[in-house]
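This is run-v1.tsv. It holds TSV, C-alpha atoms.
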```
chain	number	residue	atom	x	y	z
H	19	MET	CA	-19.52	11.73	-30.92
H	20	THR	CA	-19.70	11.08	-27.23
H	21	ASP	CA	-22.89	11.30	-25.26
H	22	LEU	CA	-21.23	12.14	-22.00
H	23	ALA	CA	-18.06	14.14	-21.70
H	24	LEU	CA	-15.16	13.18	-19.51
H	25	GLN	CA	-15.88	16.22	-17.36
H	26	HIS	CA	-19.09	14.74	-16.00
H	27	TYR	CA	-17.25	11.82	-14.48
H	28	LEU	CA	-14.43	14.04	-13.28
H	29	ALA	CA	-17.01	16.31	-11.64
H	30	VAL	CA	-18.57	13.39	-9.77
H	31	GLY	CA	-15.12	12.31	-8.59
H	32	ALA	CA	-14.25	15.84	-7.49
H	33	ILE	CA	-17.54	16.26	-5.60
H	34	LEU	CA	-17.07	12.93	-3.81
H	35	PHE	CA	-13.53	13.92	-2.87
H	36	ALA	CA	-14.58	17.35	-1.57
H	37	ILE	CA	-17.46	15.93	0.48
H	38	GLY	CA	-15.11	13.37	1.98
H	39	LEU	CA	-12.60	16.09	2.81
H	40	MET	CA	-15.26	18.21	4.48
H	41	GLY	CA	-16.54	15.26	6.50
H	42	PHE	CA	-13.05	14.25	7.59
H	43	VAL	CA	-12.32	17.73	8.92
H	44	THR	CA	-15.61	18.35	10.65
H	45	ARG	CA	-16.80	15.07	12.13
H	46	ARG	CA	-15.63	14.01	15.57
H	47	ASN	CA	-16.47	10.31	15.50
H	48	LEU	CA	-13.32	8.38	14.55
H	49	ILE	CA	-15.26	5.83	12.51
H	50	ILE	CA	-17.04	8.46	10.43
H	51	MET	CA	-13.72	10.23	9.87
H	52	PHE	CA	-12.32	7.06	8.34
H	53	LEU	CA	-15.47	6.47	6.31
H	54	CYS	CA	-14.90	9.93	4.84
H	55	THR	CA	-11.34	8.91	3.91
H	56	GLU	CA	-12.80	5.97	2.02
H	57	LEU	CA	-15.14	8.42	0.25
H	58	MET	CA	-12.09	10.39	-0.90
H	59	PHE	CA	-10.55	7.14	-2.19
H	60	GLN	CA	-13.73	6.49	-4.17
H	61	GLY	CA	-13.67	9.93	-5.74
H	62	ILE	CA	-10.11	9.30	-6.87
H	63	ALA	CA	-11.05	5.87	-8.22
H	64	VAL	CA	-13.89	7.30	-10.32
H	65	THR	CA	-11.53	9.95	-11.69
H	66	LEU	CA	-8.83	7.40	-12.60
H	67	ILE	CA	-11.23	5.00	-14.30
H	68	ALA	CA	-12.84	7.85	-16.26
H	69	PHE	CA	-9.44	9.07	-17.49
H	70	GLY	CA	-8.48	5.59	-18.60
H	71	ARG	CA	-11.79	5.00	-20.37
H	72	TYR	CA	-11.70	8.28	-22.26
H	73	HIS	CA	-8.17	7.62	-23.46
H	74	PHE	CA	-8.98	4.13	-24.68
H	75	ALA	CA	-9.31	5.24	-28.29
H	76	THR	CA	-5.89	6.85	-28.43
H	77	ARG	CA	-3.94	4.73	-25.96
H	78	PRO	CA	-5.50	1.35	-25.14
H	79	GLU	CA	-2.94	0.56	-22.47
H	80	ALA	CA	-4.08	3.61	-20.50
H	81	PHE	CA	-7.41	1.87	-19.95
H	82	PHE	CA	-5.72	-1.03	-18.22
H	83	ALA	CA	-3.20	1.19	-16.46
H	84	SER	CA	-6.03	3.13	-14.86
H	85	GLN	CA	-7.66	-0.09	-13.67
H	86	ALA	CA	-4.33	-1.25	-12.26
H	87	PHE	CA	-4.09	2.07	-10.40
H	88	VAL	CA	-7.54	1.59	-8.94
H	89	LEU	CA	-6.71	-1.97	-7.98
H	90	PHE	CA	-3.71	-0.76	-5.99
H	91	VAL	CA	-5.81	2.04	-4.48
H	92	LEU	CA	-8.24	-0.63	-3.30
H	93	VAL	CA	-5.39	-2.66	-1.83
H	94	ILE	CA	-4.10	0.34	0.09
H	95	ALA	CA	-7.64	1.22	1.21
H	96	ALA	CA	-8.17	-2.28	2.54
H	97	ALA	CA	-4.84	-2.28	4.38
H	98	GLU	CA	-5.54	1.19	5.75
H	99	ALA	CA	-9.01	0.18	6.92
H	100	ALA	CA	-7.67	-2.88	8.72
H	101	LEU	CA	-4.94	-0.92	10.52
H	102	ALA	CA	-7.19	2.06	11.26
H	103	LEU	CA	-9.93	-0.10	12.72
H	104	GLY	CA	-7.37	-1.94	14.85
H	105	LEU	CA	-6.14	1.41	16.15
H	106	ILE	CA	-9.71	2.63	16.71
H	107	VAL	CA	-10.51	-0.47	18.76
H	108	LEU	CA	-7.37	0.07	20.83
H	109	LEU	CA	-8.17	3.77	21.39
H	110	PHE	CA	-11.75	2.92	22.28
H	111	ARG	CA	-10.60	0.41	24.88
H	112	ARG	CA	-8.41	3.04	26.47
H	113	LYS	CA	-10.94	5.86	26.80
H	114	GLN	CA	-14.32	4.20	26.18
H	115	THR	CA	-15.22	6.82	23.59
H	116	LEU	CA	-14.90	7.25	19.84
H	117	ASP	CA	-14.60	11.02	20.16
H	118	ALA	CA	-11.49	12.31	18.39
H	119	GLU	CA	-11.46	15.27	20.81
H	120	ALA	CA	-10.66	12.85	23.65
H	121	TRP	CA	-7.15	12.63	22.21
H	122	HIS	CA	-6.54	16.33	21.85
H	123	GLU	CA	-3.49	16.11	24.14
H	124	LEU	CA	-1.73	14.47	21.19
H	125	ASN	CA	-1.65	17.93	19.59
H	126	GLY	CA	1.60	18.51	21.43
T	13	MET	CA	-8.01	18.25	-35.62
T	14	ASN	CA	-9.94	16.90	-32.70
T	15	LEU	CA	-8.14	19.17	-30.32
T	16	ILE	CA	-8.96	22.28	-32.29
T	17	ALA	CA	-12.59	21.33	-32.58
T	18	ALA	CA	-12.79	20.64	-28.90
T	19	SER	CA	-11.25	23.90	-27.80
T	20	ASN	CA	-13.88	25.80	-29.76
T	21	LEU	CA	-16.66	24.25	-27.73
T	22	PRO	CA	-18.63	26.65	-25.56
T	23	MET	CA	-17.74	26.79	-21.89
T	24	VAL	CA	-19.84	24.14	-20.19
T	25	VAL	CA	-20.49	25.89	-16.93
T	26	SER	CA	-19.28	29.37	-16.13
T	27	PRO	CA	-16.93	29.70	-13.13
T	28	VAL	CA	-19.28	32.24	-11.54
T	29	LEU	CA	-22.14	29.76	-11.58
T	30	ILE	CA	-19.92	27.07	-10.06
T	31	LEU	CA	-18.85	29.45	-7.30
T	32	VAL	CA	-22.43	30.50	-6.54
T	33	LEU	CA	-23.63	26.89	-6.51
T	34	ALA	CA	-20.76	25.81	-4.27
T	35	ILE	CA	-21.61	28.61	-1.82
T	36	VAL	CA	-25.30	27.65	-1.84
T	37	ALA	CA	-24.50	23.98	-1.33
T	38	GLY	CA	-22.01	24.92	1.37
T	39	ILE	CA	-24.63	26.90	3.29
T	40	GLY	CA	-27.04	23.99	2.94
T	41	THR	CA	-24.45	21.52	4.22
T	42	LEU	CA	-23.64	23.84	7.10
T	43	MET	CA	-27.28	23.60	8.15
T	44	LEU	CA	-27.30	19.86	7.52
T	45	LEU	CA	-24.28	19.08	9.69
T	46	PRO	CA	-25.05	17.63	13.11
T	47	SER	CA	-25.36	20.32	15.76
T	48	ARG	CA	-27.71	21.42	18.49
T	49	ARG	CA	-30.07	23.02	15.98
T	50	GLU	CA	-33.68	22.01	15.38
T	51	ALA	CA	-34.53	19.18	13.04
T	52	ALA	CA	-36.41	21.66	10.83
T	53	THR	CA	-33.22	23.63	10.18
T	54	ARG	CA	-31.47	20.47	9.06
T	55	ALA	CA	-34.33	19.60	6.73
T	56	ILE	CA	-34.14	23.07	5.17
T	57	GLY	CA	-30.39	22.55	4.76
T	58	GLY	CA	-31.04	19.31	2.92
T	59	VAL	CA	-33.48	21.05	0.58
T	60	VAL	CA	-30.94	23.82	-0.11
T	61	VAL	CA	-28.21	21.30	-1.01
T	62	LEU	CA	-30.62	19.41	-3.27
T	63	THR	CA	-31.55	22.63	-5.06
T	64	GLY	CA	-27.91	23.43	-5.72
T	65	LEU	CA	-27.31	19.92	-7.06
T	66	LEU	CA	-30.40	20.12	-9.29
T	67	ILE	CA	-29.30	23.43	-10.79
T	68	LEU	CA	-25.82	22.05	-11.55
T	69	ALA	CA	-27.35	18.89	-13.05
T	70	ALA	CA	-29.80	20.94	-15.14
T	71	THR	CA	-26.98	23.08	-16.53
T	72	LEU	CA	-24.97	20.00	-17.43
T	73	VAL	CA	-27.97	18.22	-18.93
T	74	ARG	CA	-28.71	21.24	-21.11
T	75	TYR	CA	-25.11	21.21	-22.33
T	76	VAL	CA	-25.17	17.48	-23.07
T	77	ALA	CA	-28.52	17.77	-24.83
T	78	SER	CA	-27.10	20.45	-27.11
T	79	GLN	CA	-24.23	18.12	-28.04
T	80	SER	CA	-26.05	14.90	-28.80
T	81	GLU	CA	-29.40	13.15	-28.57
T	82	SER	CA	-28.82	10.46	-25.97
T	83	MET	CA	-28.72	11.71	-22.42
T	84	GLY	CA	-26.94	8.89	-20.58
T	85	VAL	CA	-29.73	8.61	-18.03
T	86	TYR	CA	-27.93	5.90	-16.04
T	87	PHE	CA	-25.03	8.24	-15.43
T	88	TRP	CA	-27.32	10.84	-13.90
T	89	ILE	CA	-29.04	8.29	-11.67
T	90	PHE	CA	-25.77	6.81	-10.39
T	91	ALA	CA	-24.14	10.22	-9.95
T	92	ALA	CA	-27.12	11.55	-7.99
T	93	ILE	CA	-27.19	8.50	-5.73
T	94	ALA	CA	-23.42	8.68	-5.16
T	95	ILE	CA	-23.38	12.37	-4.29
T	96	ILE	CA	-26.47	12.41	-2.08
T	97	SER	CA	-25.42	9.34	-0.12
T	98	ALA	CA	-21.88	10.74	0.21
T	99	LEU	CA	-23.42	13.86	1.76
T	100	ARG	CA	-25.39	11.70	4.16
T	101	VAL	CA	-22.24	9.77	5.11
T	102	ALA	CA	-20.61	13.04	6.11
T	103	THR	CA	-23.65	14.54	7.84
T	104	HIS	CA	-25.64	11.72	9.44
T	105	ARG	CA	-25.64	11.66	13.22
T	106	ARG	CA	-25.69	7.90	13.67
T	107	PRO	CA	-22.51	6.02	12.63
T	108	VAL	CA	-24.41	2.92	11.52
T	109	TYR	CA	-26.48	4.94	9.07
T	110	SER	CA	-23.31	6.63	7.85
T	111	ALA	CA	-21.82	3.22	7.12
T	112	LEU	CA	-24.97	2.08	5.29
T	113	TYR	CA	-25.08	5.26	3.22
T	114	PHE	CA	-21.42	4.66	2.43
T	115	MET	CA	-22.39	1.28	1.08
T	116	LEU	CA	-24.99	2.99	-1.11
T	117	ALA	CA	-22.30	5.37	-2.40
T	118	THR	CA	-20.13	2.34	-3.15
T	119	PHE	CA	-22.91	0.74	-5.17
T	120	ALA	CA	-23.40	3.94	-7.15
T	121	SER	CA	-19.66	4.22	-7.83
T	122	ALA	CA	-19.66	0.62	-9.02
T	123	GLY	CA	-22.48	1.55	-11.39
T	124	LEU	CA	-20.38	4.40	-12.75
T	125	PHE	CA	-17.50	1.94	-13.23
T	126	VAL	CA	-19.76	-0.34	-15.26
T	127	LEU	CA	-20.76	2.60	-17.44
T	128	LEU	CA	-17.04	3.21	-18.00
T	129	TRP	CA	-16.51	-0.41	-19.14
T	130	ALA	CA	-14.51	-1.29	-16.06
T	131	ASP	CA	-16.76	-4.14	-14.99
T	132	PHE	CA	-14.06	-6.07	-13.14
T	133	MET	CA	-13.23	-3.00	-11.07
T	134	ALA	CA	-16.93	-2.58	-10.27
T	135	ALA	CA	-17.06	-6.15	-8.97
T	136	ALA	CA	-13.84	-5.66	-7.01
T	137	LEU	CA	-15.15	-2.42	-5.50
T	138	LEU	CA	-18.35	-4.12	-4.35
T	139	LEU	CA	-16.51	-7.15	-2.96
T	140	ILE	CA	-13.83	-5.21	-1.12
T	141	TYR	CA	-15.78	-2.15	0.04
T	142	GLY	CA	-19.30	-3.48	0.30
T	143	GLY	CA	-18.25	-6.90	1.45
T	144	ALA	CA	-15.09	-6.73	3.51
T	145	ILE	CA	-14.42	-3.19	4.68
T	146	LEU	CA	-18.03	-2.26	5.46
T	147	VAL	CA	-18.64	-5.40	7.49
T	148	THR	CA	-15.58	-4.59	9.59
T	149	TYR	CA	-16.75	-1.03	10.10
T	150	VAL	CA	-20.22	-2.14	11.14
T	151	PHE	CA	-18.71	-4.65	13.57
T	152	VAL	CA	-16.60	-1.96	15.23
T	153	ILE	CA	-19.58	0.40	15.39
T	154	MET	CA	-21.74	-2.24	17.02
T	155	LEU	CA	-18.95	-3.15	19.45
T	156	ALA	CA	-18.60	0.49	20.48
T	157	ALA	CA	-22.36	0.98	20.75
T	158	GLN	CA	-22.67	-2.11	22.91
T	159	ALA	CA	-19.85	-1.12	25.23
T	160	GLY	CA	-20.63	2.53	25.76
T	161	GLY	CA	-23.84	3.50	24.13
T	162	ARG	CA	-27.20	2.27	25.44
T	163	GLY	CA	-28.45	3.51	22.06
T	164	GLU	CA	-28.00	7.16	22.90
T	165	LEU	CA	-25.94	9.52	20.82
T	166	THR	CA	-22.85	11.00	22.38
T	167	GLU	CA	-21.89	14.62	21.97
T	168	ALA	CA	-19.17	13.57	19.54
T	169	ASP	CA	-21.85	12.41	17.12
T	170	THR	CA	-24.34	15.22	17.52
T	171	VAL	CA	-22.08	18.27	17.38
T	172	ALA	CA	-19.76	18.90	14.46
T	173	ARG	CA	-16.35	20.45	15.00
T	174	GLU	CA	-15.66	23.82	13.33
T	175	PRO	CA	-18.46	23.39	10.77
T	176	LEU	CA	-17.98	26.76	9.08
T	177	ALA	CA	-14.25	26.29	8.46
T	178	ALA	CA	-14.71	22.71	7.29
T	179	VAL	CA	-17.54	23.57	4.91
T	180	SER	CA	-15.60	26.52	3.45
T	181	LEU	CA	-12.59	24.26	2.96
T	182	GLY	CA	-14.54	21.40	1.39
T	183	PHE	CA	-16.77	23.43	-0.88
T	184	GLY	CA	-13.99	25.87	-1.77
T	185	MET	CA	-11.97	22.87	-2.88
T	186	MET	CA	-14.99	21.55	-4.78
T	187	ALA	CA	-15.54	24.86	-6.58
T	188	LEU	CA	-11.86	25.07	-7.50
T	189	LEU	CA	-11.75	21.52	-8.84
T	190	LEU	CA	-14.98	21.97	-10.83
T	191	ILE	CA	-13.80	25.25	-12.33
T	192	VAL	CA	-10.56	23.63	-13.44
T	193	ILE	CA	-12.36	20.55	-14.79
T	194	PHE	CA	-14.93	22.47	-16.79
T	195	ASP	CA	-12.45	25.06	-17.99
T	196	LYS	CA	-9.35	23.09	-18.88
T	197	GLY	CA	-10.92	19.69	-19.39
T	198	GLN	CA	-12.40	20.53	-22.77
T	199	VAL	CA	-9.29	19.49	-24.64
T	200	ILE	CA	-9.98	15.81	-24.00
T	201	VAL	CA	-13.70	15.89	-24.76
T	202	ALA	CA	-13.42	14.58	-28.28
T	203	SER	CA	-11.21	11.57	-27.58
T	204	SER	CA	-13.91	9.04	-26.78
T	205	PRO	CA	-15.88	6.75	-29.04
T	206	ILE	CA	-19.21	5.51	-27.74
T	207	MET	CA	-17.97	1.94	-27.56
T	208	PRO	CA	-14.32	0.99	-27.18
T	209	GLU	CA	-13.04	-1.07	-30.08
T	210	GLY	CA	-10.82	-3.80	-28.75
T	211	ASP	CA	-10.57	-6.17	-25.87
T	212	THR	CA	-11.78	-4.72	-22.58
T	213	SER	CA	-12.31	-8.03	-20.81
T	214	VAL	CA	-10.91	-9.21	-17.52
T	215	ARG	CA	-8.59	-11.46	-19.51
T	216	ALA	CA	-6.97	-8.45	-21.14
T	217	LEU	CA	-6.68	-6.70	-17.78
T	218	ALA	CA	-5.04	-9.79	-16.28
T	219	LYS	CA	-2.60	-9.98	-19.18
T	220	TYR	CA	-1.72	-6.33	-18.67
T	221	LEU	CA	-1.32	-6.77	-14.91
T	222	PHE	CA	0.91	-9.82	-15.12
T	223	ALA	CA	2.95	-8.53	-18.04
T	224	ASN	CA	3.53	-4.94	-16.90
T	225	GLN	CA	2.74	-4.74	-13.18
T	226	LEU	CA	3.94	-8.07	-11.84
T	227	VAL	CA	6.18	-6.70	-9.07
T	228	ASN	CA	3.48	-4.25	-7.96
T	229	LEU	CA	0.93	-7.03	-7.85
T	230	GLU	CA	3.14	-9.19	-5.65
T	231	LEU	CA	3.96	-6.19	-3.47
T	232	SER	CA	0.28	-5.49	-2.94
T	233	GLY	CA	-0.19	-9.02	-1.70
T	234	LEU	CA	2.70	-8.48	0.69
T	235	ILE	CA	1.17	-5.20	1.90
T	236	LEU	CA	-2.13	-6.93	2.64
T	237	THR	CA	-0.38	-9.64	4.65
T	238	LEU	CA	1.64	-7.06	6.57
T	239	ALA	CA	-1.50	-5.04	7.30
T	240	MET	CA	-3.27	-8.12	8.60
T	241	VAL	CA	-0.41	-9.03	10.93
T	242	GLY	CA	-0.11	-5.39	12.02
T	243	ALA	CA	-3.81	-5.09	12.76
T	244	ILE	CA	-3.73	-8.24	14.89
T	245	VAL	CA	-0.67	-7.06	16.82
T	246	ILE	CA	-2.17	-3.59	17.38
T	247	SER	CA	-5.57	-4.71	18.56
T	248	ARG	CA	-4.47	-7.43	20.99
T	249	ARG	CA	-2.26	-5.15	23.07
T	250	ARG	CA	-3.31	-4.81	26.67
T	251	VAL	CA	-4.35	-1.31	27.73
T	252	PRO	CA	-3.65	-0.02	31.27
T	253	SER	CA	-7.28	0.10	32.38
T	254	GLU	CA	-7.79	-3.56	31.55
T	255	ILE	CA	-4.81	-5.03	33.41
T	256	GLY	CA	-6.13	-7.23	36.17
T	257	VAL	CA	-9.65	-7.03	34.82
T	258	VAL	CA	-9.18	-9.48	31.99
T	259	ALA	CA	-9.61	-13.05	33.16
T	260	SER	CA	-8.04	-14.89	30.25
T	261	PRO	CA	-4.27	-15.30	30.53
T	262	PHE	CA	-3.88	-15.23	26.80
T	263	ILE	CA	-4.95	-11.62	26.24
T	264	GLY	CA	-1.93	-9.56	26.97
T	265	ASP	CA	1.46	-8.54	25.80
T	266	ASP	CA	3.63	-10.85	23.80
T	267	ASN	CA	5.98	-11.52	26.72
T	268	PRO	CA	5.73	-15.25	27.56
T	269	HIS	CA	6.63	-14.54	31.21
T	270	ASP	CA	3.22	-12.86	31.61
T	271	ILE	CA	1.36	-16.07	30.88
T	272	ALA	CA	0.34	-17.74	34.10
T	273	VAL	CA	1.25	-21.42	34.48
T	274	THR	CA	-1.64	-23.26	36.07
T	275	GLY	CA	-2.04	-26.80	37.38
T	276	THR	CA	1.03	-26.89	39.57
T	277	THR	CA	2.24	-25.44	42.84
T	278	ASP	CA	5.91	-26.15	42.27
T	279	PRO	CA	7.67	-22.78	41.83
T	280	ARG	CA	10.29	-24.35	39.56
T	281	GLN	CA	7.60	-25.51	37.19
T	282	LYS	CA	5.83	-22.16	37.39
T	283	ALA	CA	8.98	-20.39	36.23
T	284	TYR	CA	9.48	-20.12	32.54
T	285	PRO	CA	11.86	-22.85	31.33
T	286	GLU	CA	14.53	-20.53	29.93
T	287	THR	CA	15.00	-18.59	33.17
```

Would you write out, as structure tokens, the structure that this file holds?
Amino acid sequence: MTDLALQHYLAVGAILFAIGLMGFVTRRNLIIMFLCTELMFQGIAVTLIAFGRYHFATRPEAFFASQAFVLFVLVIAAAEAALALGLIVLLFRRKQTLDAEAWHELNG
Amino acid sequence: MNLIAASNLPMVVSPVLILVLAIVAGIGTLMLLPSRREAATRAIGGVVVLTGLLILAATLVRYVASQSESMGVYFWIFAAIAIISALRVATHRRPVYSALYFMLATFASAGLFVLLWADFMAAALLLIYGGAILVTYVFVIMLAAQAGGRGELTEADTVAREPLAAVSLGFGMMALLLIVIFDKGQVIVASSPIMPEGDTSVRALAKYLFANQLVNLELSGLILTLAMVGAIVISRRRVPSEIGVVASPFIGDDNPHDIAVTGTTDPRQKAYPET
């Protein structure tokens, strides 16, 4: 029998995701907002890997499929980080601040 | 057979307990978030969050102990590190410390990956997050601090925006997810052996990737290249406040007519050849 159930890993993933969501909504520093996005990515990655691992006995290809998913999540996270940091640098050069509130006129 | 046995398991954590714990942790986080409050209030908030986490962990540990002898102590260590440092990422006032706590959360997630037999993904996570992405973040933070900061915190860092709404949203979501996981997730409990039988190596993963996901793999390489080119194009644009200030002729828009021709006074040579 298993020593740790799948739910424990899923719970860690869910908690990471929720904390990232909370931080993204409430923080005003652009860099911390994007760090919180990366936290959400990590929660999802933990969830995916745990699903794949706990289905290894019944469907071995699910184990590798989950790792492939996480690999592509990492690729997208890296691309997103590069573009987001480029944008943040550009925004910072325009207004000399990292405050997201400085751009509130973009609300429309 | 397995499914029937699993669905007869006792409920791991009752939804009421999850709700109460999420509310407690939410109140603690509300006090922990950066604001104009005293440092003592924030410390109390941290203690409240820790208490909520401990109660949840104790409930889960009791459940696991009733199921089997081994407790998976590494899981609890890594999970605690991941969650606490994630909280500090979202609540720390100084961006550099947020980034460093994020690195700690990455290490803990990599530890969880190793426990799940995904050792290649753990290495990739550390290399990409801890190595590449974090270094870029820290560079941008230092650049911003050098340009504007003088080491002081701006109001954007010290005061959170709509903390009550954000905390209700985040912890409401957390409670919902946990209730669903601990309620409906029981069906899959029994489907795991302690050790996977079969090949879990990087070689097997590579075979899977190149046999089944070849197009996706190539596309991800293309996406990375596109993102790199895009990031360069975005960040070398000239902004209005810097026009005339920048000395180098090579920082600017991509229009070749903007590049000054030096070393001659002849207007025909100064003009761009095509015009």

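Using only C-alpha atoms, the shortest contact distance between chain T and any of H:Gly31, H:Met58, H:Ile106, H:Tyr72 is found at H:Tyr72.
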
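Among H:Thr65, H:Leu48, H:Ala23, H:Arg77, the residue with the shortest atom-to-atom distance to chain T, counting all atoms listed in the file, is H:Ala23.
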
- Work out how far CA of Arg100 in chain T is from CA of Val59 in chain T, in Å to one decimal. 12.9 Å

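Taking CA of Ala172 in chain T and CA of Gly41 in chain H as the two end points, the separation is 9.3 Å.
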
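Here CA of Leu190 in chain T and CA of Ala32 in chain H stand 7.0 Å from one another.
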
- Anything within 12 Å of (-21.4, 28.5, -5.2): list those residues as a ChimeraX atom specification, counting all atoms listed in the file and sticking to the file's coordinates. /T:26-40,60-61,63-65,67-68,179-180,182-188,190-191

- Nearest candidate to chain H (options T:Arg173, T:Arg48, T:Arg106, T:Arg215; using all atoms listed in the file): T:Arg173

- Message: I'd like the neighbourhood of Arg105 in chain T as a PyMOL selection string, where a residue qualifies if any of its atoms comes within 10 Å (using all atoms listed in the file), though same-chain residues fewer than 3 positions away should be ignored.
- Response: (chain H and resi 45+47+50) or (chain T and resi 45-47+100-102+108-110+165-172)

With C-alpha atoms retained, write the just-selected residues as a PDB file, in the coordinates of the input.
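Written file, out28.pdb:
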```
ATOM      1  CA  ARG H  45     -16.800  15.070  12.130  1.00  0.00           C
ATOM      2  CA  ASN H  47     -16.470  10.310  15.500  1.00  0.00           C
ATOM      3  CA  ILE H  50     -17.040   8.460  10.430  1.00  0.00           C
TER       4      ILE H  50
ATOM      5  CA  LEU T  45     -24.280  19.080   9.690  1.00  0.00           C
ATOM      6  CA  PRO T  46     -25.050  17.630  13.110  1.00  0.00           C
ATOM      7  CA  SER T  47     -25.360  20.320  15.760  1.00  0.00           C
ATOM      8  CA  ARG T 100     -25.390  11.700   4.160  1.00  0.00           C
ATOM      9  CA  VAL T 101     -22.240   9.770   5.110  1.00  0.00           C
ATOM     10  CA  ALA T 102     -20.610  13.040   6.110  1.00  0.00           C
ATOM     11  CA  VAL T 108     -24.410   2.920  11.520  1.00  0.00           C
ATOM     12  CA  TYR T 109     -26.480   4.940   9.070  1.00  0.00           C
ATOM     13  CA  SER T 110     -23.310   6.630   7.850  1.00  0.00           C
ATOM     14  CA  LEU T 165     -25.940   9.520  20.820  1.00  0.00           C
ATOM     15  CA  THR T 166     -22.850  11.000  22.380  1.00  0.00           C
ATOM     16  CA  GLU T 167     -21.890  14.620  21.970  1.00  0.00           C
ATOM     17  CA  ALA T 168     -19.170  13.570  19.540  1.00  0.00           C
ATOM     18  CA  ASP T 169     -21.850  12.410  17.120  1.00  0.00           C
ATOM     19  CA  THR T 170     -24.340  15.220  17.520  1.00  0.00           C
ATOM     20  CA  VAL T 171     -22.080  18.270  17.380  1.00  0.00           C
ATOM     21  CA  ALA T 172     -19.760  18.900  14.460  1.00  0.00           C
TER      22      ALA T 172
END
```

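Of the listed residues H:Leu53, H:Phe59, H:Gln85, H:Ile67, the one whose atoms come nearest to Val150 in chain T is H:Leu53, with distances taken using all atoms listed in the file.
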
- Counting only C-alpha atoms, the residue of T:Gly242, T:Pro279, T:Gly233, T:Pro107 that sits nearest Ala156 in chain T: T:Pro107

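Counting only C-alpha atoms, the residue from H:Ala86, H:Leu105, H:Ala97, H:Val30 that sits nearest to Ser121 in chain T is H:Val30.
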
- Message: Give me, as a VMD selection string, all polymer residues having an atom no more than 12 Å from Ala63 in chain H, counting all atoms listed in the file and skipping those fewer than 4 positions away in the same chain.
- Response: (chain H and resid 27 to 28 30 to 32 34 to 35 56 to 59 67 to 70 84 to 92 95) or (chain T and resid 118 121 to 122 124 to 125 128 130 133 to 134 136 to 137)

- Fewer than 6 positions away in the same chain doesn't count, so skip those; otherwise give me all residues within 12 Å of Thr237 in chain T, counting all atoms listed in the file, as a PyMOL selection string. (chain H and resi 93-94+96-97+100-101) or (chain T and resi 230-231+243-244)
